[in-house]
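Okay, start.pdb is below, PDB, C-alpha atoms:
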```
ATOM      1  CA  MET A   1     -25.666 -43.728  59.254
ATOM      2  CA  ASP A   2     -28.824 -41.868  58.216
ATOM      3  CA  ASP A   3     -27.456 -38.640  59.726
ATOM      4  CA  MET A   4     -24.183 -39.143  57.875
ATOM      5  CA  ARG A   5     -25.961 -39.743  54.566
ATOM      6  CA  ALA A   6     -28.138 -36.674  55.084
ATOM      7  CA  ALA A   7     -25.092 -34.521  55.854
ATOM      8  CA  GLU A   8     -23.274 -35.772  52.776
ATOM      9  CA  ALA A   9     -26.365 -35.117  50.651
ATOM     10  CA  GLU A  10     -26.608 -31.556  51.981
ATOM     11  CA  GLY A  11     -22.971 -30.893  51.134
ATOM     12  CA  ALA A  12     -23.336 -32.349  47.650
ATOM     13  CA  ALA A  13     -26.531 -30.333  47.080
ATOM     14  CA  ILE A  14     -24.640 -27.124  47.844
ATOM     15  CA  ASP A  15     -21.980 -28.091  45.307
ATOM     16  CA  TRP A  16     -24.613 -28.826  42.680
ATOM     17  CA  SER A  17     -26.354 -25.534  43.406
ATOM     18  CA  LEU A  18     -23.137 -23.641  42.766
ATOM     19  CA  LEU A  19     -22.224 -25.586  39.639
ATOM     20  CA  LEU A  20     -25.661 -25.236  38.061
ATOM     21  CA  ASN A  21     -25.749 -21.529  38.869
ATOM     22  CA  GLU A  22     -22.363 -21.069  37.204
ATOM     23  CA  GLU A  23     -23.208 -23.086  34.075
ATOM     24  CA  PRO A  24     -27.004 -23.023  33.611
ATOM     25  CA  ASP A  25     -26.817 -24.000  29.924
ATOM     26  CA  ASN A  26     -24.486 -26.974  30.365
ATOM     27  CA  GLN A  27     -26.666 -29.929  29.375
ATOM     28  CA  GLU A  28     -24.100 -32.560  30.376
ATOM     29  CA  LEU A  29     -23.888 -31.023  33.814
ATOM     30  CA  ARG A  30     -27.692 -30.989  34.042
ATOM     31  CA  SER A  31     -27.870 -34.680  33.084
ATOM     32  CA  GLU A  32     -25.306 -35.632  35.713
ATOM     33  CA  PHE A  33     -27.190 -33.617  38.294
ATOM     34  CA  GLU A  34     -30.454 -35.414  37.433
ATOM     35  CA  TRP A  35     -28.666 -38.744  37.862
ATOM     36  CA  TRP A  36     -27.476 -37.710  41.321
ATOM     37  CA  LEU A  37     -30.847 -36.253  42.293
ATOM     38  CA  HIS A  38     -32.713 -39.509  41.672
ATOM     39  CA  GLU A  39     -30.021 -41.847  42.967
ATOM     40  CA  HIS A  40     -31.290 -41.746  46.596
ATOM     41  CA  PRO A  41     -34.255 -40.160  48.402
ATOM     42  CA  SER A  42     -31.887 -38.212  50.681
ATOM     43  CA  HIS A  43     -30.540 -36.345  47.651
ATOM     44  CA  ALA A  44     -33.977 -35.095  46.605
ATOM     45  CA  LEU A  45     -34.704 -33.994  50.176
ATOM     46  CA  ALA A  46     -31.381 -32.170  50.488
ATOM     47  CA  TRP A  47     -31.912 -30.462  47.136
ATOM     48  CA  GLU A  48     -35.389 -29.332  48.169
ATOM     49  CA  GLN A  49     -33.970 -27.811  51.350
ATOM     50  CA  VAL A  50     -31.077 -26.065  49.596
ATOM     51  CA  THR A  51     -33.240 -24.641  46.795
ATOM     52  CA  ALA A  52     -35.725 -23.375  49.366
ATOM     53  CA  VAL A  53     -33.015 -20.982  50.556
ATOM     54  CA  SER A  54     -32.334 -19.919  46.962
ATOM     55  CA  ASP A  55     -36.043 -19.225  46.442
ATOM     56  CA  ILE A  56     -36.063 -17.011  49.507
ATOM     57  CA  ILE A  57     -33.080 -15.056  48.145
ATOM     58  CA  CYS A  58     -34.729 -14.659  44.725
ATOM     59  CA  SER A  59     -38.022 -13.500  46.263
ATOM     60  CA  ALA A  60     -36.387 -10.651  48.160
ATOM     61  CA  PRO A  61     -37.634  -7.124  47.369
ATOM     62  CA  PRO A  62     -35.804  -5.475  44.445
ATOM     63  CA  GLU A  63     -33.965  -3.063  46.690
ATOM     64  CA  ARG A  64     -32.515  -5.972  48.673
ATOM     65  CA  ARG A  65     -31.558  -8.219  45.774
ATOM     66  CA  ILE A  66     -27.966  -8.762  44.706
ATOM     67  CA  ASP A  67     -26.553  -8.834  41.234
ATOM     68  CA  ARG A  68     -26.006 -12.161  39.469
ATOM     69  CA  SER A  69     -22.230 -12.077  39.846
ATOM     70  CA  LYS A  70     -22.632 -12.320  43.624
ATOM     71  CA  ALA A  71     -25.602 -14.679  43.726
ATOM     72  CA  ALA A  72     -23.677 -17.945  43.977
ATOM     73  CA  SER A  73     -21.460 -16.657  46.784
ATOM     74  CA  VAL A  74     -24.446 -15.395  48.760
ATOM     75  CA  ARG A  75     -26.331 -18.631  48.176
ATOM     76  CA  TRP A  76     -23.394 -20.588  49.528
ATOM     77  CA  ARG A  77     -23.213 -18.481  52.705
ATOM     78  CA  ALA A  78     -26.978 -18.536  53.175
ATOM     79  CA  VAL A  79     -27.199 -22.308  52.918
ATOM     80  CA  ARG A  80     -24.317 -22.746  55.327
ATOM     81  CA  THR A  81     -26.016 -20.496  57.859
ATOM     82  CA  TRP A  82     -29.345 -22.223  57.360
ATOM     83  CA  LEU A  83     -27.869 -25.677  57.923
ATOM     84  CA  SER A  84     -26.234 -24.222  61.059
ATOM     85  CA  LEU A  85     -24.571 -27.472  62.045
ATOM     86  CA  PRO A  86     -20.777 -27.821  61.967
ATOM     87  CA  LYS A  87     -20.768 -31.423  60.764
ATOM     88  CA  PRO A  88     -22.354 -30.776  57.349
ATOM     89  CA  TRP A  89     -19.939 -27.915  56.752
ATOM     90  CA  ARG A  90     -17.002 -30.153  57.578
ATOM     91  CA  LEU A  91     -18.351 -32.598  55.021
ATOM     92  CA  VAL A  92     -18.730 -29.855  52.420
ATOM     93  CA  SER A  93     -15.001 -29.160  52.678
ATOM     94  CA  GLY A  94     -14.199 -32.855  52.354
ATOM     95  CA  ILE A  95     -17.145 -34.741  50.866
ATOM     96  CA  GLY A  96     -17.064 -38.448  51.651
ATOM     97  CA  GLY A  97     -19.377 -41.409  51.268
ATOM     98  CA  THR A  98     -19.839 -43.904  48.518
ATOM     99  CA  ALA A  99     -22.852 -42.251  46.899
ATOM    100  CA  VAL A 100     -21.231 -38.831  46.567
ATOM    101  CA  ALA A 101     -17.918 -40.330  45.455
ATOM    102  CA  CYS A 102     -19.667 -42.317  42.731
ATOM    103  CA  CYS A 103     -21.636 -39.262  41.647
ATOM    104  CA  LEU A 104     -18.561 -37.095  41.311
ATOM    105  CA  THR A 105     -16.570 -39.829  39.628
ATOM    106  CA  LEU A 106     -19.371 -40.035  37.070
ATOM    107  CA  PHE A 107     -19.163 -36.228  36.690
ATOM    108  CA  LEU A 108     -15.620 -36.648  35.375
ATOM    109  CA  ALA A 109     -16.089 -39.897  33.490
ATOM    110  CA  VAL A 110     -19.388 -39.447  31.653
ATOM    111  CA  PRO A 111     -18.239 -36.725  29.211
ATOM    112  CA  ASP A 112     -15.407 -39.041  28.095
ATOM    113  CA  LEU A 113     -17.279 -42.355  28.136
ATOM    114  CA  ALA A 114     -18.371 -42.313  24.484
ATOM    115  CA  VAL A 115     -14.997 -41.129  23.204
ATOM    116  CA  ARG A 116     -13.190 -43.794  25.230
ATOM    117  CA  LEU A 117     -15.293 -46.502  23.616
ATOM    118  CA  SER A 118     -14.554 -45.209  20.113
ATOM    119  CA  SER A 119     -10.822 -44.546  20.631
ATOM    120  CA  ASP A 120      -7.708 -46.692  20.408
ATOM    121  CA  GLN A 121      -5.759 -44.678  22.983
ATOM    122  CA  TYR A 122      -6.904 -42.400  25.804
ATOM    123  CA  ALA A 123      -5.112 -40.360  28.484
ATOM    124  CA  PRO A 124      -6.987 -39.977  31.804
ATOM    125  CA  VAL A 125      -7.463 -36.849  33.889
ATOM    126  CA  GLY A 126      -4.191 -35.403  35.175
ATOM    127  CA  ALA A 127      -1.840 -37.666  33.191
ATOM    128  CA  THR A 128      -0.180 -37.785  29.785
ATOM    129  CA  ARG A 129       0.314 -40.961  27.758
ATOM    130  CA  THR A 130       3.100 -41.675  25.261
ATOM    131  CA  PHE A 131       2.655 -44.174  22.430
ATOM    132  CA  HIS A 132       5.100 -45.416  19.814
ATOM    133  CA  LEU A 133       3.796 -46.469  16.436
ATOM    134  CA  SER A 134       5.227 -49.352  14.443
ATOM    135  CA  ASP A 135       6.822 -46.899  11.985
ATOM    136  CA  GLY A 136       8.900 -45.227  14.733
ATOM    137  CA  SER A 137       6.665 -42.179  15.165
ATOM    138  CA  GLU A 138       5.755 -41.013  18.664
ATOM    139  CA  ILE A 139       2.470 -39.578  19.968
ATOM    140  CA  VAL A 140       2.056 -37.909  23.350
ATOM    141  CA  LEU A 141      -1.530 -37.446  24.520
ATOM    142  CA  ALA A 142      -2.472 -34.640  26.898
ATOM    143  CA  PRO A 143      -4.849 -35.485  29.777
ATOM    144  CA  ARG A 144      -8.416 -36.343  28.715
ATOM    145  CA  SER A 145      -7.343 -36.738  25.092
ATOM    146  CA  ALA A 146      -8.183 -39.584  22.741
ATOM    147  CA  ILE A 147      -7.143 -40.804  19.301
ATOM    148  CA  SER A 148      -7.972 -43.577  16.869
ATOM    149  CA  ILE A 149      -5.235 -45.048  14.680
ATOM    150  CA  ARG A 150      -5.322 -46.534  11.194
ATOM    151  CA  MET A 151      -2.051 -47.940   9.855
ATOM    152  CA  THR A 152      -1.869 -49.560   6.436
ATOM    153  CA  ALA A 153       0.812 -50.208   3.871
ATOM    154  CA  ALA A 154      -0.256 -47.030   2.066
ATOM    155  CA  GLU A 155      -1.025 -44.564   4.873
ATOM    156  CA  ARG A 156      -0.728 -43.627   8.522
ATOM    157  CA  HIS A 157      -3.922 -41.903   9.674
ATOM    158  CA  ILE A 158      -4.671 -40.537  13.154
ATOM    159  CA  ASP A 159      -8.048 -39.154  14.235
ATOM    160  CA  LEU A 160      -7.797 -36.764  17.175
ATOM    161  CA  LEU A 161     -11.176 -37.378  18.762
ATOM    162  CA  GLN A 162     -10.727 -35.092  21.751
ATOM    163  CA  GLY A 163      -8.132 -32.944  23.478
ATOM    164  CA  GLU A 164      -4.532 -32.383  22.422
ATOM    165  CA  ALA A 165      -1.645 -34.447  21.108
ATOM    166  CA  PHE A 166       1.982 -33.902  20.166
ATOM    167  CA  PHE A 167       3.307 -35.805  17.159
ATOM    168  CA  THR A 168       6.948 -36.575  16.365
ATOM    169  CA  VAL A 169       6.747 -38.175  12.948
ATOM    170  CA  HIS A 170       9.149 -40.589  11.307
ATOM    171  CA  HIS A 171       9.042 -39.284   7.748
ATOM    172  CA  ASP A 172       8.210 -41.837   5.066
ATOM    173  CA  THR A 173       7.459 -40.566   1.557
ATOM    174  CA  ALA A 174       5.745 -43.857   0.707
ATOM    175  CA  ARG A 175       3.285 -43.643   3.607
ATOM    176  CA  LEU A 176       1.646 -40.282   4.177
ATOM    177  CA  PHE A 177       1.105 -39.333   7.843
ATOM    178  CA  THR A 178      -2.107 -37.387   8.419
ATOM    179  CA  VAL A 179      -3.960 -36.153  11.481
ATOM    180  CA  GLN A 180      -7.660 -35.425  11.290
ATOM    181  CA  ALA A 181      -9.197 -33.130  13.933
ATOM    182  CA  GLY A 182     -12.797 -32.489  13.024
ATOM    183  CA  ARG A 183     -12.768 -30.749   9.633
ATOM    184  CA  VAL A 184      -9.077 -29.883   9.881
ATOM    185  CA  ASN A 185      -6.599 -32.140   8.092
ATOM    186  CA  VAL A 186      -2.886 -31.957   8.941
ATOM    187  CA  LYS A 187      -0.350 -33.640   6.643
ATOM    188  CA  ASP A 188       3.180 -34.206   7.834
ATOM    189  CA  VAL A 189       6.039 -32.906   5.749
ATOM    190  CA  GLY A 190       8.662 -34.291   8.164
ATOM    191  CA  THR A 191       8.120 -32.612  11.512
ATOM    192  CA  ALA A 192       7.142 -32.401  15.168
ATOM    193  CA  PHE A 193       3.861 -30.623  15.792
ATOM    194  CA  ASP A 194       0.982 -30.165  18.218
ATOM    195  CA  VAL A 195      -2.739 -30.409  17.453
ATOM    196  CA  GLN A 196      -5.413 -29.220  19.880
ATOM    197  CA  LYS A 197      -9.097 -29.880  19.253
ATOM    198  CA  GLY A 198     -11.381 -27.581  21.251
ATOM    199  CA  GLU A 199     -15.145 -27.264  21.308
ATOM    200  CA  GLN A 200     -15.170 -24.386  18.827
ATOM    201  CA  GLU A 201     -11.630 -24.238  17.466
ATOM    202  CA  THR A 202      -8.801 -26.491  16.305
ATOM    203  CA  THR A 203      -5.226 -25.242  16.681
ATOM    204  CA  VAL A 204      -2.041 -26.572  15.064
ATOM    205  CA  ARG A 205       1.433 -25.507  16.239
ATOM    206  CA  VAL A 206       4.661 -26.603  14.553
ATOM    207  CA  ARG A 207       7.813 -27.158  16.590
ATOM    208  CA  GLU A 208      10.066 -28.585  13.873
ATOM    209  CA  GLY A 209       9.832 -28.971  10.112
ATOM    210  CA  ALA A 210       6.550 -28.213   8.379
ATOM    211  CA  VAL A 211       2.960 -29.405   8.000
ATOM    212  CA  HIS A 212       0.241 -28.775   5.455
ATOM    213  CA  LEU A 213      -3.182 -27.683   6.738
ATOM    214  CA  SER A 214      -6.412 -28.000   4.829
ATOM    215  CA  SER A 215     -10.107 -27.696   5.608
ATOM    216  CA  PRO A 216     -13.288 -27.444   3.510
ATOM    217  CA  SER A 217     -14.995 -25.071   5.956
ATOM    218  CA  PRO A 218     -15.783 -22.489   7.165
ATOM    219  CA  GLN A 219     -13.936 -21.637   3.960
ATOM    220  CA  MET A 220     -11.769 -23.737   1.696
ATOM    221  CA  PHE A 221      -8.104 -23.251   2.483
ATOM    222  CA  ASP A 222      -4.709 -24.941   2.091
ATOM    223  CA  ARG A 223      -1.752 -23.605   3.998
ATOM    224  CA  ASP A 224       1.755 -24.683   4.970
ATOM    225  CA  LEU A 225       2.998 -24.042   8.503
ATOM    226  CA  HIS A 226       6.677 -24.034   9.412
ATOM    227  CA  ALA A 227       8.581 -24.201  12.687
ATOM    228  CA  GLY A 228       7.321 -21.627  15.173
ATOM    229  CA  GLU A 229       4.078 -20.976  13.291
ATOM    230  CA  TRP A 230       0.552 -21.746  14.480
ATOM    231  CA  ALA A 231      -2.949 -21.540  13.051
ATOM    232  CA  SER A 232      -6.414 -21.840  14.607
ATOM    233  CA  VAL A 233      -9.495 -22.789  12.612
ATOM    234  CA  SER A 234     -13.008 -22.030  13.843
ATOM    235  CA  GLY A 235     -16.422 -21.194  12.459
ATOM    236  CA  GLU A 236     -15.269 -17.597  12.201
ATOM    237  CA  GLY A 237     -12.330 -18.391   9.941
ATOM    238  CA  ILE A 238      -8.615 -18.950  10.394
ATOM    239  CA  ARG A 239      -6.086 -16.957  12.381
ATOM    240  CA  GLY A 240      -2.425 -17.545  13.119
ATOM    241  CA  GLY A 241       0.876 -16.241  14.378
ATOM    242  CA  ASN A 242       4.314 -17.155  15.658
ATOM    243  CA  LEU A 243       5.684 -18.687  18.856
ATOM    244  CA  PRO A 244       9.178 -19.611  20.052
ATOM    245  CA  PRO A 245       9.406 -23.179  18.714
ATOM    246  CA  GLU A 246      10.881 -24.543  21.944
ATOM    247  CA  THR A 247       7.728 -23.564  23.862
ATOM    248  CA  ILE A 248       5.405 -25.592  21.621
ATOM    249  CA  GLY A 249       4.335 -28.764  23.384
ATOM    250  CA  ALA A 250       5.654 -27.538  26.750
ATOM    251  CA  TRP A 251       2.682 -29.264  28.385
ATOM    252  CA  LYS A 252       4.501 -32.573  27.790
ATOM    253  CA  ASP A 253       6.911 -31.427  30.497
ATOM    254  CA  GLY A 254       4.076 -30.229  32.708
ATOM    255  CA  LEU A 255       4.514 -26.546  31.887
ATOM    256  CA  LEU A 256       1.800 -23.985  31.164
ATOM    257  CA  ILE A 257       3.382 -20.919  29.550
ATOM    258  CA  ALA A 258       1.255 -17.777  29.484
ATOM    259  CA  ARG A 259       2.062 -14.639  27.488
ATOM    260  CA  ASN A 260      -0.645 -12.083  28.105
ATOM    261  CA  ASP A 261      -3.233 -14.875  27.970
ATOM    262  CA  ASN A 262      -6.614 -14.322  29.553
ATOM    263  CA  VAL A 263      -7.616 -16.221  32.672
ATOM    264  CA  ALA A 264     -10.462 -18.009  30.882
ATOM    265  CA  ASP A 265      -8.021 -19.678  28.464
ATOM    266  CA  LEU A 266      -5.632 -20.620  31.259
ATOM    267  CA  ILE A 267      -8.419 -22.254  33.246
ATOM    268  CA  LYS A 268      -9.385 -24.238  30.146
ATOM    269  CA  ALA A 269      -5.765 -25.371  29.872
ATOM    270  CA  LEU A 270      -5.731 -26.398  33.544
ATOM    271  CA  ALA A 271      -9.044 -28.245  33.435
ATOM    272  CA  PRO A 272      -7.810 -31.605  32.009
ATOM    273  CA  TRP A 273      -5.069 -31.711  34.643
ATOM    274  CA  ALA A 274      -7.364 -31.006  37.602
ATOM    275  CA  ARG A 275      -9.597 -33.524  39.327
ATOM    276  CA  SER A 276     -11.734 -30.710  40.680
ATOM    277  CA  HIS A 277     -14.176 -28.502  38.789
ATOM    278  CA  ILE A 278     -13.087 -24.837  38.704
ATOM    279  CA  VAL A 279     -15.881 -22.294  39.191
ATOM    280  CA  VAL A 280     -15.112 -18.586  38.761
ATOM    281  CA  LEU A 281     -17.742 -16.474  40.518
ATOM    282  CA  HIS A 282     -16.667 -13.155  38.976
ATOM    283  CA  ARG A 283     -16.888 -13.079  35.187
ATOM    284  CA  ASP A 284     -14.699  -9.991  34.847
ATOM    285  CA  LEU A 285     -11.789 -11.992  36.235
ATOM    286  CA  LEU A 286     -11.898 -14.305  33.207
ATOM    287  CA  LYS A 287     -10.935 -11.397  30.928
ATOM    288  CA  GLU A 288      -7.814 -10.456  32.894
ATOM    289  CA  GLN A 289      -4.494 -11.165  31.168
ATOM    290  CA  VAL A 290      -1.641 -13.035  32.807
ATOM    291  CA  THR A 291       2.013 -13.787  32.009
ATOM    292  CA  GLY A 292       3.950 -16.543  33.741
ATOM    293  CA  VAL A 293       5.022 -20.189  33.815
ATOM    294  CA  TYR A 294       2.934 -22.635  35.862
ATOM    295  CA  ASP A 295       3.188 -26.292  36.843
ATOM    296  CA  LEU A 296       0.347 -28.241  35.254
ATOM    297  CA  ARG A 297       1.096 -31.197  37.509
ATOM    298  CA  LYS A 298       0.060 -29.032  40.476
ATOM    299  CA  PRO A 299      -3.166 -27.515  39.161
ATOM    300  CA  ASP A 300      -4.376 -26.173  42.530
ATOM    301  CA  GLU A 301      -1.116 -24.312  43.069
ATOM    302  CA  ALA A 302      -1.128 -23.081  39.468
ATOM    303  CA  LEU A 303      -4.671 -21.778  39.873
ATOM    304  CA  ARG A 304      -3.673 -19.857  43.010
ATOM    305  CA  LEU A 305      -0.615 -18.363  41.316
ATOM    306  CA  ILE A 306      -2.690 -17.278  38.311
ATOM    307  CA  THR A 307      -5.486 -15.641  40.314
ATOM    308  CA  ARG A 308      -3.743 -14.268  43.434
ATOM    309  CA  PRO A 309      -2.051 -11.287  41.685
ATOM    310  CA  LEU A 310      -5.509 -10.322  40.383
ATOM    311  CA  GLY A 311      -6.922  -9.971  43.879
ATOM    312  CA  ALA A 312      -8.720 -13.313  43.929
ATOM    313  CA  LYS A 313      -8.440 -16.386  46.100
ATOM    314  CA  VAL A 314      -9.193 -20.069  45.600
ATOM    315  CA  VAL A 315     -11.589 -21.762  48.012
ATOM    316  CA  ALA A 316     -11.666 -25.576  48.195
ATOM    317  CA  LEU A 317     -15.400 -26.024  48.558
ATOM    318  CA  SER A 318     -14.937 -29.797  48.398
ATOM    319  CA  PRO A 319     -12.330 -32.188  46.978
ATOM    320  CA  TRP A 320     -14.170 -31.818  43.670
ATOM    321  CA  VAL A 321     -14.909 -28.104  43.473
ATOM    322  CA  ARG A 322     -12.603 -25.077  43.544
ATOM    323  CA  LEU A 323     -14.202 -21.627  43.764
ATOM    324  CA  VAL A 324     -12.323 -18.553  42.571
ATOM    325  CA  VAL A 325     -13.650 -15.539  44.454
ATOM    326  CA  ALA A 326     -12.594 -11.894  44.842
ATOM    327  CA  GLN A 327     -10.891 -11.135  48.145
TER     328      GLN A 327
END
```
Could I get this file's structure written as structure tokens?
Amino acid sequence: MDDMRAAEAEGAAIDWSLLLNEEPDNQELRSEFEWWLHEHPSHALAWEQVTAVSDIICSAPPERRIDRSKAASVRWRAVRTWLSLPKPWRLVSGIGGTAVACCLTLFLAVPDLAVRLSSDQYAPVGATRTFHLSDGSEIVLAPRSAISIRMTAAERHIDLLQGEAFFTVHHDTARLFTVQAGRVNVKDVGTAFDVQKGEQETTVRVREGAVHLSSPSPQMFDRDLHAGEWASVSGEGIRGGNLPPETIGAWKDGLLIARNDNVADLIKALAPWARSHIVVLHRDLLKEQVTGVYDLRKPDEALRLITRPLGAKVVALSPWVRLVVAQ
């Protein structure tokens, strides 16, 4: 049992090493790692052993050092060689054990814990949720999305707390239907529309009818959007354009439609559907543009189809981590 726990800890430590190298400024990730590190003495020991290899790599003479884009890949191979035993490597490709399972479950759940507690409706990882309001309107939540609902005799108000939602509104002139996403306010004018709240940007896309957008910052604006139009609001201002209306909200049917979109944006779109964390080891790949239609309900397959034509491959480092590496 002790050997099994040690092997699992070694495999998890390798995963954490890769994740922290890829996202060194991610404070949520750092907090989750600290939780794992102190959960059991075997974790601290495994981390000490894994980081010892990293220290050796970093202390190499300048002429023998590698650039940062290759560091995570080399670290992974070095640790595997150093462990030298087949059993830990088998565990890395299929991490088991209660402690590691709990740790990685927390990895997915913790970022959403606060929003779940403050929301009325939430859609979990990899699944959509459809809700019907008492007025006949319908709301479809994308995975890892949350809303709060306030219905009164005078108004219908939805707060999009996180993620993305598609609204099909039953028009009622006596009860205004509004969606609030951060500082962006969307008022229904009899329509079907999509609202996506990102970390830095909120995007509204109209499939049918029209909506009215308003926001006090970064600059005061009021704007109507009609079918096929979209607008994104961020700290840098507002931008917009046109889309085929029938493609808006395609995620409800499990479709990811890309039209010269960069890989970074497509991976962001895949993330709520995937139970594994996607780590791209080559930053230049994120800038590549892709066109195609992908199945969101099969995120691993979609990731392979997106990256394979670009000369990359997907490595299942564990059930919870997918590495995208150049072939």
Give the answer as one residue: which of A:Arg175, A:His132, A:Lys298, A:His40 has the shortest atom-to-atom distance to A:Leu270, using all atoms listed in the file?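 Between A:Arg175, A:His132, A:Lys298, A:His40, the residue approaching A:Leu270 most closely is A:Lys298.
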What does the distance from atom CA of A:Phe167 to atom CA of A:Phe221 come to in Å, to one decimal?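 Result for atom CA of A:Phe167 versus atom CA of A:Phe221: 22.4 Å, one decimal.
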Please report the interatomic distance between atom CA of A:Lys313 and atom CA of A:Val280 in Å with one decimal.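 A separation of 10.2 Å between them.
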For the file shown, report as a count of residues only the outcome of the PyMOL selection byres ((chain A and resi 256-265) around 12) at residue level. 52
Could you tell me which residues the PyMOL selection byres ((chain A and resi 186) around 8) grabs in this file, written as a VMD selection string? chain A and resid 178 to 180 184 to 185 187 to 188 211 to 214
Atom-to-atom span, atom CA of A:Gln219 and atom CA of A:Gly163, Å: 23.3 Å
Give me the residues within 12 Å of stretch 123-126 of chain A as JSON, numbers by chain, counting all atoms listed in the file and dropping any in the same chain fewer than 2 places off. {"A": [105, 108, 109, 111, 112, 113, 115, 116, 119, 120, 121, 128, 129, 130, 131, 139, 140, 141, 142, 143, 144, 145, 146, 147, 161, 162, 163, 164, 165, 251, 252, 254, 269, 270, 271, 272, 273, 274, 275, 276, 277, 295, 296, 297, 298, 299, 300]}
Between A:Leu29, A:Asp224, A:Ile238, A:Ala13, which is the closest to A:Gln200 once you count all atoms listed in the file?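 So, comparing all the options, the nearest one is A:Ile238.
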Evaluate the PyMOL selection byres ((chain A and resi 239) around 12) and report residues as a ChimeraX atom specification: /A:201-204,221,223,229-238,240-242
For stretch 42-52 of chain A: contacts at 7 Å, only C-alpha atoms, fewer than 6 positions along chain excluded, given as a PDB file with C-alpha atoms, keeping the file's coordinate frame:
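Result written to result.pdb:
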```
ATOM      1  CA  ALA A   6     -28.138 -36.674  55.084  1.00  0.00           C
ATOM      2  CA  ALA A   9     -26.365 -35.117  50.651  1.00  0.00           C
ATOM      3  CA  GLU A  10     -26.608 -31.556  51.981  1.00  0.00           C
ATOM      4  CA  ALA A  13     -26.531 -30.333  47.080  1.00  0.00           C
ATOM      5  CA  ILE A  14     -24.640 -27.124  47.844  1.00  0.00           C
ATOM      6  CA  VAL A  79     -27.199 -22.308  52.918  1.00  0.00           C
TER       7      VAL A  79
END
```
Would you pick out the contacts of A:Leu133 at 10 Å or less, using all atoms listed in the file, so that residues sharing its chain but fewer than 6 positions from it are not included, and give the list as a ChimeraX atom specification? /A:139,149,151,156,169-170
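With distances taken over only C-alpha atoms, A:Leu18 is the one residue among A:Leu18, A:Gln196, A:Ala181, A:Ala12 lying closest to A:Leu323.
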Centre and size of axis-aligned box enclosing stretch 289-300 of chain A plus 6 Å each side, as JSON:
```
{"center_x": 0.3, "center_y": -21.2, "center_z": 36.8, "size_x": 21.5, "size_y": 32.0, "size_z": 23.4}
```
Nearest residue to A:Glu208 from the set A:Val195, A:Ala227, A:Glu23, A:Ala127 (distances using all atoms listed in the file):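 Smallest separation from A:Glu208 among the options: A:Ala227.
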